[in-house]
file entry.pdb (PDB, C-alpha atoms)
ATOM      1  CA  MET A 181      34.963  29.770  72.416
ATOM      2  CA  GLU A 182      36.580  27.375  74.870
ATOM      3  CA  GLU A 183      36.302  23.591  74.678
ATOM      4  CA  LYS A 184      34.071  23.352  77.765
ATOM      5  CA  GLN A 185      31.650  25.918  76.337
ATOM      6  CA  LEU A 186      31.468  23.985  73.080
ATOM      7  CA  VAL A 187      30.772  20.721  74.922
ATOM      8  CA  ASP A 188      28.072  22.367  77.066
ATOM      9  CA  GLN A 189      26.456  23.917  73.975
ATOM     10  CA  SER A 190      26.442  20.503  72.244
ATOM     11  CA  LYS A 191      24.814  18.842  75.260
ATOM     12  CA  SER A 192      22.109  21.515  75.298
ATOM     13  CA  ILE A 193      21.395  21.020  71.589
ATOM     14  CA  ILE A 194      21.257  17.234  72.026
ATOM     15  CA  GLU A 195      18.741  17.562  74.855
ATOM     16  CA  GLN A 196      16.592  19.926  72.797
ATOM     17  CA  SER A 197      16.691  17.551  69.826
ATOM     18  CA  LYS A 198      15.518  14.652  72.014
ATOM     19  CA  GLU A 199      12.553  16.675  73.273
ATOM     20  CA  LEU A 200      11.625  17.961  69.810
ATOM     21  CA  VAL A 201       8.279  16.880  68.364
ATOM     22  CA  ILE A 202       6.882  18.257  65.105
ATOM     23  CA  PHE A 203       3.097  18.339  64.742
ATOM     24  CA  GLU A 204       2.499  21.703  63.086
ATOM     25  CA  LYS A 205       4.152  24.609  61.298
ATOM     26  CA  ALA A 206       5.240  26.327  64.519
ATOM     27  CA  ASP A 207       7.031  23.126  65.621
ATOM     28  CA  ASN A 208       8.699  22.924  62.193
ATOM     29  CA  GLU A 209       9.930  26.519  62.601
ATOM     30  CA  ILE A 210      11.354  25.679  66.045
ATOM     31  CA  ALA A 211      13.098  22.641  64.515
ATOM     32  CA  THR A 212      14.571  24.822  61.758
ATOM     33  CA  GLY A 213      15.847  27.265  64.401
ATOM     34  CA  LEU A 214      17.473  24.343  66.209
ATOM     35  CA  LEU A 215      19.111  23.255  62.930
ATOM     36  CA  LYS A 216      20.526  26.785  62.587
ATOM     37  CA  LEU A 217      21.993  26.457  66.088
ATOM     38  CA  ILE A 218      23.520  23.143  65.032
ATOM     39  CA  LEU A 219      25.083  24.725  61.929
ATOM     40  CA  ASN A 220      26.692  27.422  64.070
ATOM     41  CA  ALA A 221      27.826  24.859  66.660
ATOM     42  CA  LYS A 222      29.395  22.689  63.938
ATOM     43  CA  LYS A 223      31.252  25.692  62.547
ATOM     44  CA  SER A 224      32.494  26.688  66.010
ATOM     45  CA  ILE A 225      33.707  23.152  66.745
ATOM     46  CA  LYS A 226      35.455  22.871  63.374
ATOM     47  CA  ASP A 227      37.059  26.311  63.858
ATOM     48  CA  TYR A 228      38.231  25.290  67.348
ATOM     49  CA  TRP A 229      39.978  22.137  66.065
ATOM     50  CA  ARG A 230      41.222  23.540  62.710
ATOM     51  CA  GLU A 231      44.674  24.694  63.881
ATOM     52  CA  PRO A 232      45.591  21.610  65.993
ATOM     53  CA  LYS A 233      44.412  19.345  63.153
ATOM     54  CA  GLU A 234      46.475  21.275  60.609
ATOM     55  CA  LYS A 235      49.601  21.045  62.777
ATOM     56  CA  ALA A 236      49.070  17.310  63.288
ATOM     57  CA  HIS A 237      48.423  16.873  59.573
ATOM     58  CA  GLN A 238      51.642  18.675  58.631
ATOM     59  CA  ALA A 239      53.632  16.588  61.122
ATOM     60  CA  HIS A 240      52.052  13.395  59.783
ATOM     61  CA  LYS A 241      52.785  14.411  56.178
ATOM     62  CA  SER A 242      56.412  15.109  57.034
ATOM     63  CA  VAL A 243      56.932  11.796  58.831
ATOM     64  CA  THR A 244      55.086   9.868  56.114
ATOM     65  CA  ALA A 245      57.189  11.498  53.394
ATOM     66  CA  LYS A 246      60.422  10.529  55.156
ATOM     67  CA  GLU A 247      59.128   6.991  55.686
ATOM     68  CA  SER A 248      58.164   6.705  52.003
ATOM     69  CA  GLU A 249      61.532   8.057  50.931
ATOM     70  CA  MET A 250      63.248   5.291  52.868
ATOM     71  CA  LEU A 251      60.772   2.553  51.946
ATOM     72  CA  ASN A 252      60.388   3.156  48.185
ATOM     73  CA  PRO A 253      63.727   1.660  47.063
ATOM     74  CA  ILE A 254      63.137  -1.395  49.253
ATOM     75  CA  LEU A 255      59.581  -1.818  47.973
ATOM     76  CA  GLN A 256      60.798  -1.516  44.369
ATOM     77  CA  ALA A 257      63.439  -4.178  44.986
ATOM     78  CA  GLU A 258      60.856  -6.423  46.667
ATOM     79  CA  LYS A 259      58.466  -6.058  43.726
ATOM     80  CA  ALA A 260      61.197  -6.713  41.157
ATOM     81  CA  ILE A 261      62.323  -9.885  42.933
ATOM     82  CA  LYS A 262      58.759 -11.135  43.460
ATOM     83  CA  ASP A 263      57.952 -10.488  39.780
ATOM     84  CA  LYS A 264      60.996 -12.492  38.682
ATOM     85  CA  ILE A 265      60.219 -15.343  41.073
ATOM     86  CA  SER A 266      56.545 -15.313  40.031
ATOM     87  CA  SER A 267      57.445 -15.561  36.345
ATOM     88  CA  TYR A 268      59.830 -18.428  37.015
ATOM     89  CA  ILE A 269      57.549 -20.468  39.268
ATOM     90  CA  THR A 270      54.568 -19.915  36.946
ATOM     91  CA  GLU A 271      56.536 -21.369  34.036
ATOM     92  CA  VAL A 272      57.764 -24.253  36.196
ATOM     93  CA  ARG A 273      54.203 -24.993  37.373
ATOM     94  CA  LYS A 274      52.864 -24.926  33.800
ATOM     95  CA  LYS A 275      55.594 -27.368  32.710
ATOM     96  CA  GLU A 276      54.794 -29.628  35.686
ATOM     97  CA  MET A 277      51.106 -29.591  34.771
ATOM     98  CA  GLU A 278      51.943 -30.326  31.127
ATOM     99  CA  THR A 279      54.217 -33.234  32.098
ATOM    100  CA  GLU A 280      51.589 -34.611  34.463
ATOM    101  CA  ALA A 281      48.893 -34.383  31.755
ATOM    102  CA  LYS A 282      51.153 -36.213  29.244
ATOM    103  CA  LEU A 283      51.928 -38.965  31.749
ATOM    104  CA  LYS A 284      48.233 -39.392  32.567
ATOM    105  CA  GLU A 285      47.423 -39.578  28.861
ATOM    106  CA  LYS A 286      50.087 -42.259  28.313
ATOM    107  CA  ALA A 287      48.785 -44.233  31.276
ATOM    108  CA  LYS A 288      45.237 -43.934  29.920
ATOM    109  CA  GLU A 289      46.325 -45.063  26.427
ATOM    110  CA  SER A 290      48.042 -48.158  27.781
ATOM    111  CA  ASP A 291      45.037 -49.008  30.001
ATOM    112  CA  VAL A 292      47.229 -49.039  33.066
ATOM    113  CA  LYS A 293      45.825 -47.916  36.410
ATOM    114  CA  VAL A 294      48.626 -45.641  37.611
ATOM    115  CA  GLU A 295      48.570 -42.682  39.943
ATOM    116  CA  VAL A 296      50.618 -39.969  38.318
ATOM    117  CA  LYS A 297      52.280 -37.366  40.492
ATOM    118  CA  VAL A 298      54.983 -35.026  39.330
ATOM    119  CA  GLU A 299      57.482 -33.847  41.952
ATOM    120  CA  LYS A 300      56.883 -30.132  42.437
ATOM    121  CA  GLU A 301      59.827 -27.782  42.867
ATOM    122  CA  LYS A 302      59.927 -26.208  46.339
ATOM    123  CA  VAL A 303      62.093 -23.557  47.963
ATOM    124  CA  VAL A 304      62.292 -23.278  51.761
ATOM    125  CA  GLY A 305      60.653 -20.062  52.994
ATOM    126  CA  GLN A 306      58.767 -19.478  49.756
ATOM    127  CA  ILE A 307      55.010 -19.660  49.394
ATOM    128  CA  ALA A 308      53.362 -19.637  45.994
ATOM    129  CA  LYS A 309      49.775 -18.387  45.929
ATOM    130  CA  GLU A 310      47.777 -19.313  42.875
ATOM    131  CA  VAL A 311      46.087 -16.153  41.565
ATOM    132  CA  TRP A 312      43.579 -16.539  38.760
ATOM    133  CA  PHE A 313      42.504 -13.604  36.593
ATOM    134  CA  VAL A 314      40.570 -12.798  33.439
ATOM    135  CA  ALA A 315      42.947 -13.008  30.505
ATOM    136  CA  SER A 316      40.428 -11.838  27.883
ATOM    137  CA  VAL A 317      36.675 -11.289  27.394
ATOM    138  CA  ASP A 318      34.543 -11.902  24.312
ATOM    139  CA  LYS A 319      31.621  -9.472  24.742
ATOM    140  CA  GLU A 320      29.617 -11.272  22.045
ATOM    141  CA  THR A 321      29.390 -14.533  23.999
ATOM    142  CA  LEU A 322      29.498 -13.156  27.556
ATOM    143  CA  PRO A 323      26.174 -13.839  29.397
ATOM    144  CA  LYS A 324      24.121 -10.774  30.433
ATOM    145  CA  GLU A 325      24.481 -11.473  34.162
ATOM    146  CA  TYR A 326      28.122 -10.396  33.942
ATOM    147  CA  PHE A 327      27.304  -6.928  32.649
ATOM    148  CA  VAL A 328      27.432  -4.234  35.364
ATOM    149  CA  ILE A 329      24.753  -1.557  35.769
ATOM    150  CA  ASP A 330      26.201   1.964  35.856
ATOM    151  CA  MET A 331      24.292   3.320  38.894
ATOM    152  CA  ASP A 332      26.299   6.566  38.946
ATOM    153  CA  ARG A 333      25.216   7.350  35.396
ATOM    154  CA  LEU A 334      21.582   6.472  36.163
ATOM    155  CA  ASP A 335      21.683   8.714  39.274
ATOM    156  CA  GLN A 336      23.061  11.577  37.146
ATOM    157  CA  ILE A 337      20.200  11.107  34.672
ATOM    158  CA  ALA A 338      17.698  11.112  37.554
ATOM    159  CA  LYS A 339      19.158  14.354  38.953
ATOM    160  CA  SER A 340      19.356  16.160  35.628
ATOM    161  CA  GLU A 341      16.015  15.008  34.179
ATOM    162  CA  LYS A 342      14.051  15.110  37.468
ATOM    163  CA  GLY A 343      11.776  12.185  36.591
ATOM    164  CA  LYS A 344      11.290  13.030  32.915
ATOM    165  CA  ALA A 345      13.839  10.550  31.566
ATOM    166  CA  VAL A 346      12.693   7.197  30.246
ATOM    167  CA  VAL A 347      15.138   4.318  30.574
ATOM    168  CA  PRO A 348      13.677   0.843  29.995
ATOM    169  CA  GLY A 349      13.770  -1.200  33.200
ATOM    170  CA  VAL A 350      14.447   1.829  35.431
ATOM    171  CA  ARG A 351      12.007   3.716  37.669
ATOM    172  CA  PHE A 352      13.125   7.121  38.909
ATOM    173  CA  ASP A 353      11.896   8.501  42.246
ATOM    174  CA  PHE A 354      12.755  11.303  44.675
ATOM    175  CA  ARG A 355      12.775  12.096  48.376
ATOM    176  CA  LEU A 356      12.967  15.396  50.199
ATOM    177  CA  ARG A 357      15.948  16.027  52.436
ATOM    178  CA  ALA A 358      15.839  18.765  55.051
ATOM    179  CA  GLU A 359      18.567  21.376  54.751
ATOM    180  CA  THR A 360      19.085  24.674  56.593
ATOM    181  CA  ARG A 361      20.697  27.998  55.933
ATOM    182  CA  ARG A 362      22.302  30.143  58.574
TER     183      ARG A 362
END
call {"tool": "encode", "arguments": {"input": "entry.pdb", "output": "structure tokens"}}
result
Amino acid sequence: MEEKQLVDQSKSIIEQSKELVIFEKADNEIATGLLKLILNAKKSIKDYWREPKEKAHQAHKSVTAKESEMLNPILQAEKAIKDKISSYITEVRKKEMETEAKLKEKAKESDVKVEVKVEKEKVVGQIAKEVWFVASVDKETLPKEYFVIDMDRLDQIAKSEKGKAVVPGVRFDFRLRAETRR
């Protein structure tokens, strides 16, 4: 089938779908027939574009592979340097914070009102982003609101048990979804 024929067929199906109203069994049968037309139209459209898409995909894969081949050593070097810098500046920052805390404590002990500021090391062209992360978790003391519900597992139970499963705090339900066969 040619592209113009496929476009015309699609327009016809769209018009029919807009006019479709289902009030009785006969209307439902007409709608199912229209869905069968749609299935065939989808297959024809996908078949039409399969070869050009495959050629484009192969070309893209080839170019991407060459790009990756050239980029990987540079990206590895970038990561290695950033890791080394990050380790260094993290240690420097921790020492600065420690020094600042000690100076504040001394000022507090001697009842002197002093503003303590430690000179921070800076390098031109370098930005240091502070990134916080979870270093460890104690499951015994962690509040319940931080536990995650495994919806995928619950959905699998719903599908396999079809409403017969009992999970405290969970209500299973279903909906019908229209499908068609050619």
call {"tool": "atom_distance", "arguments": {"input": "entry.pdb", "atom1": "atom CA of Tyr268 of chain A", "atom2": "atom CA of Met250 of chain A"}}
result
28.7 Å
call {"tool": "atom_distance", "arguments": {"input": "entry.pdb", "atom1": "atom CA of Ile265 of chain A", "atom2": "atom CA of Val314 of chain A"}}
result
21.2 Å
call {"tool": "residues_around", "arguments": {"input": "entry.pdb", "residues": "Val347 of chain A", "least_positions_apart": "4", "cutoff": "10 Å", "atoms": "only C-alpha atoms", "output": "ChimeraX atom specification"}}
result
/A:334,337,351-352
call {"tool": "atom_distance", "arguments": {"input": "entry.pdb", "atom1": "atom CA of Ser192 of chain A", "atom2": "atom CA of Leu217 of chain A"}}
result
10.5 Å
call {"tool": "closest_residue", "arguments": {"input": "entry.pdb", "among": "A:Ala245, A:Val346, A:Ile193, A:Leu255", "to": "Leu219 of chain A", "atoms": "all atoms listed in the file"}}
result
A:Ile193
call {"tool": "closest_residue", "arguments": {"input": "entry.pdb", "among": "A:Glu289, A:Glu258, A:Glu299, A:Glu195", "to": "Lys275 of chain A", "atoms": "all atoms listed in the file"}}
result
A:Glu299
call {"tool": "axis_aligned_box", "arguments": {"input": "entry.pdb", "around": "segment 213-216 of chain A", "padding_each_side": "5 Å", "output": "lines of an AutoDock Vina configuration file"}}
result
center_x = 18.2
center_y = 25.3
center_z = 64.4
size_x = 14.7
size_y = 14.0
size_z = 13.6
call {"tool": "resolve_selection", "arguments": {"input": "entry.pdb", "expression": "the PyMOL selection byres ((chain A and resi 213) around 12)", "output": "PyMOL selection string"}}
result
chain A and resi 193+196-197+200+206-212+214-220+359-362
call {"tool": "resolve_selection", "arguments": {"input": "entry.pdb", "expression": "the PyMOL selection byres ((chain A and resi 182) around 12)", "output": "list of chain:residue names"}}
result
A:Met181, A:Glu183, A:Lys184, A:Gln185, A:Leu186, A:Val187, A:Asp188, A:Gln189, A:Ser224, A:Ile225, A:Asp227, A:Tyr228, A:Trp229
call {"tool": "build_atoms", "arguments": {"input": "entry.pdb", "residues": "segment 277-309 of chain A", "atoms": "N, CA and C atoms", "output": "short mmCIF file (atom, residue, chain, number, x, y, z; two decimals), in the frame of the given file"}}
result
data_model
loop_
_atom_site.label_atom_id
_atom_site.label_comp_id
_atom_site.auth_asym_id
_atom_site.auth_seq_id
_atom_site.Cartn_x
_atom_site.Cartn_y
_atom_site.Cartn_z
N MET A 277 52.47 -29.20 35.13
CA MET A 277 51.11 -29.59 34.77
C MET A 277 51.07 -30.27 33.40
N GLU A 278 51.87 -29.76 32.47
CA GLU A 278 51.94 -30.33 31.13
C GLU A 278 52.51 -31.75 31.18
N THR A 279 53.60 -31.92 31.94
CA THR A 279 54.22 -33.23 32.10
C THR A 279 53.24 -34.21 32.74
N GLU A 280 52.56 -33.77 33.77
CA GLU A 280 51.59 -34.61 34.46
C GLU A 280 50.46 -35.03 33.51
N ALA A 281 49.96 -34.08 32.71
CA ALA A 281 48.89 -34.38 31.76
C ALA A 281 49.36 -35.41 30.72
N LYS A 282 50.61 -35.26 30.22
CA LYS A 282 51.15 -36.21 29.24
C LYS A 282 51.28 -37.61 29.85
N LEU A 283 51.78 -37.67 31.08
CA LEU A 283 51.93 -38.97 31.75
C LEU A 283 50.57 -39.62 31.98
N LYS A 284 49.58 -38.85 32.36
CA LYS A 284 48.23 -39.39 32.57
C LYS A 284 47.66 -39.91 31.25
N GLU A 285 47.91 -39.16 30.18
CA GLU A 285 47.42 -39.58 28.86
C GLU A 285 48.07 -40.89 28.43
N LYS A 286 49.38 -41.02 28.65
CA LYS A 286 50.09 -42.26 28.31
C LYS A 286 49.54 -43.42 29.12
N ALA A 287 49.31 -43.17 30.41
CA ALA A 287 48.78 -44.23 31.28
C ALA A 287 47.39 -44.64 30.81
N LYS A 288 46.60 -43.69 30.40
CA LYS A 288 45.24 -43.93 29.92
C LYS A 288 45.27 -44.74 28.62
N GLU A 289 46.20 -44.38 27.72
CA GLU A 289 46.32 -45.06 26.43
C GLU A 289 46.73 -46.52 26.60
N SER A 290 47.58 -46.78 27.58
CA SER A 290 48.04 -48.16 27.78
C SER A 290 47.17 -48.92 28.77
N ASP A 291 46.00 -48.36 29.09
CA ASP A 291 45.04 -49.01 30.00
C ASP A 291 45.66 -49.48 31.31
N VAL A 292 46.58 -48.70 31.81
CA VAL A 292 47.23 -49.04 33.07
C VAL A 292 46.70 -48.11 34.14
N LYS A 293 46.31 -48.70 35.28
CA LYS A 293 45.82 -47.92 36.41
C LYS A 293 47.05 -47.45 37.19
N VAL A 294 47.44 -46.19 36.97
CA VAL A 294 48.63 -45.64 37.61
C VAL A 294 48.27 -44.27 38.18
N GLU A 295 48.74 -44.02 39.38
CA GLU A 295 48.57 -42.68 39.94
C GLU A 295 49.79 -41.87 39.55
N VAL A 296 49.52 -40.79 38.82
CA VAL A 296 50.62 -39.97 38.32
C VAL A 296 50.77 -38.73 39.19
N LYS A 297 51.98 -38.56 39.70
CA LYS A 297 52.28 -37.37 40.49
C LYS A 297 53.65 -36.88 40.08
N VAL A 298 53.71 -35.63 39.71
CA VAL A 298 54.98 -35.03 39.33
C VAL A 298 55.53 -34.31 40.55
N GLU A 299 56.82 -34.52 40.83
CA GLU A 299 57.48 -33.85 41.95
C GLU A 299 57.50 -32.34 41.69
N LYS A 300 56.95 -31.59 42.61
CA LYS A 300 56.88 -30.13 42.44
C LYS A 300 58.11 -29.48 43.08
N GLU A 301 58.66 -28.51 42.38
CA GLU A 301 59.83 -27.78 42.87
C GLU A 301 59.43 -26.93 44.07
N LYS A 302 60.21 -27.01 45.14
CA LYS A 302 59.93 -26.21 46.34
C LYS A 302 61.19 -25.51 46.81
N VAL A 303 61.00 -24.32 47.38
CA VAL A 303 62.09 -23.56 47.96
C VAL A 303 61.70 -23.24 49.40
N VAL A 304 62.57 -23.52 50.35
CA VAL A 304 62.29 -23.28 51.76
C VAL A 304 62.06 -21.79 51.99
N GLY A 305 60.96 -21.46 52.68
CA GLY A 305 60.65 -20.06 52.99
C GLY A 305 59.85 -19.36 51.91
N GLN A 306 59.51 -20.10 50.85
CA GLN A 306 58.77 -19.48 49.76
C GLN A 306 57.38 -20.09 49.67
N ILE A 307 56.40 -19.23 49.55
CA ILE A 307 55.01 -19.66 49.39
C ILE A 307 54.55 -19.17 48.04
N ALA A 308 53.89 -20.04 47.29
CA ALA A 308 53.36 -19.64 45.99
C ALA A 308 51.85 -19.67 46.07
N LYS A 309 51.23 -18.50 45.95
CA LYS A 309 49.78 -18.39 45.93
C LYS A 309 49.31 -18.42 44.50
#
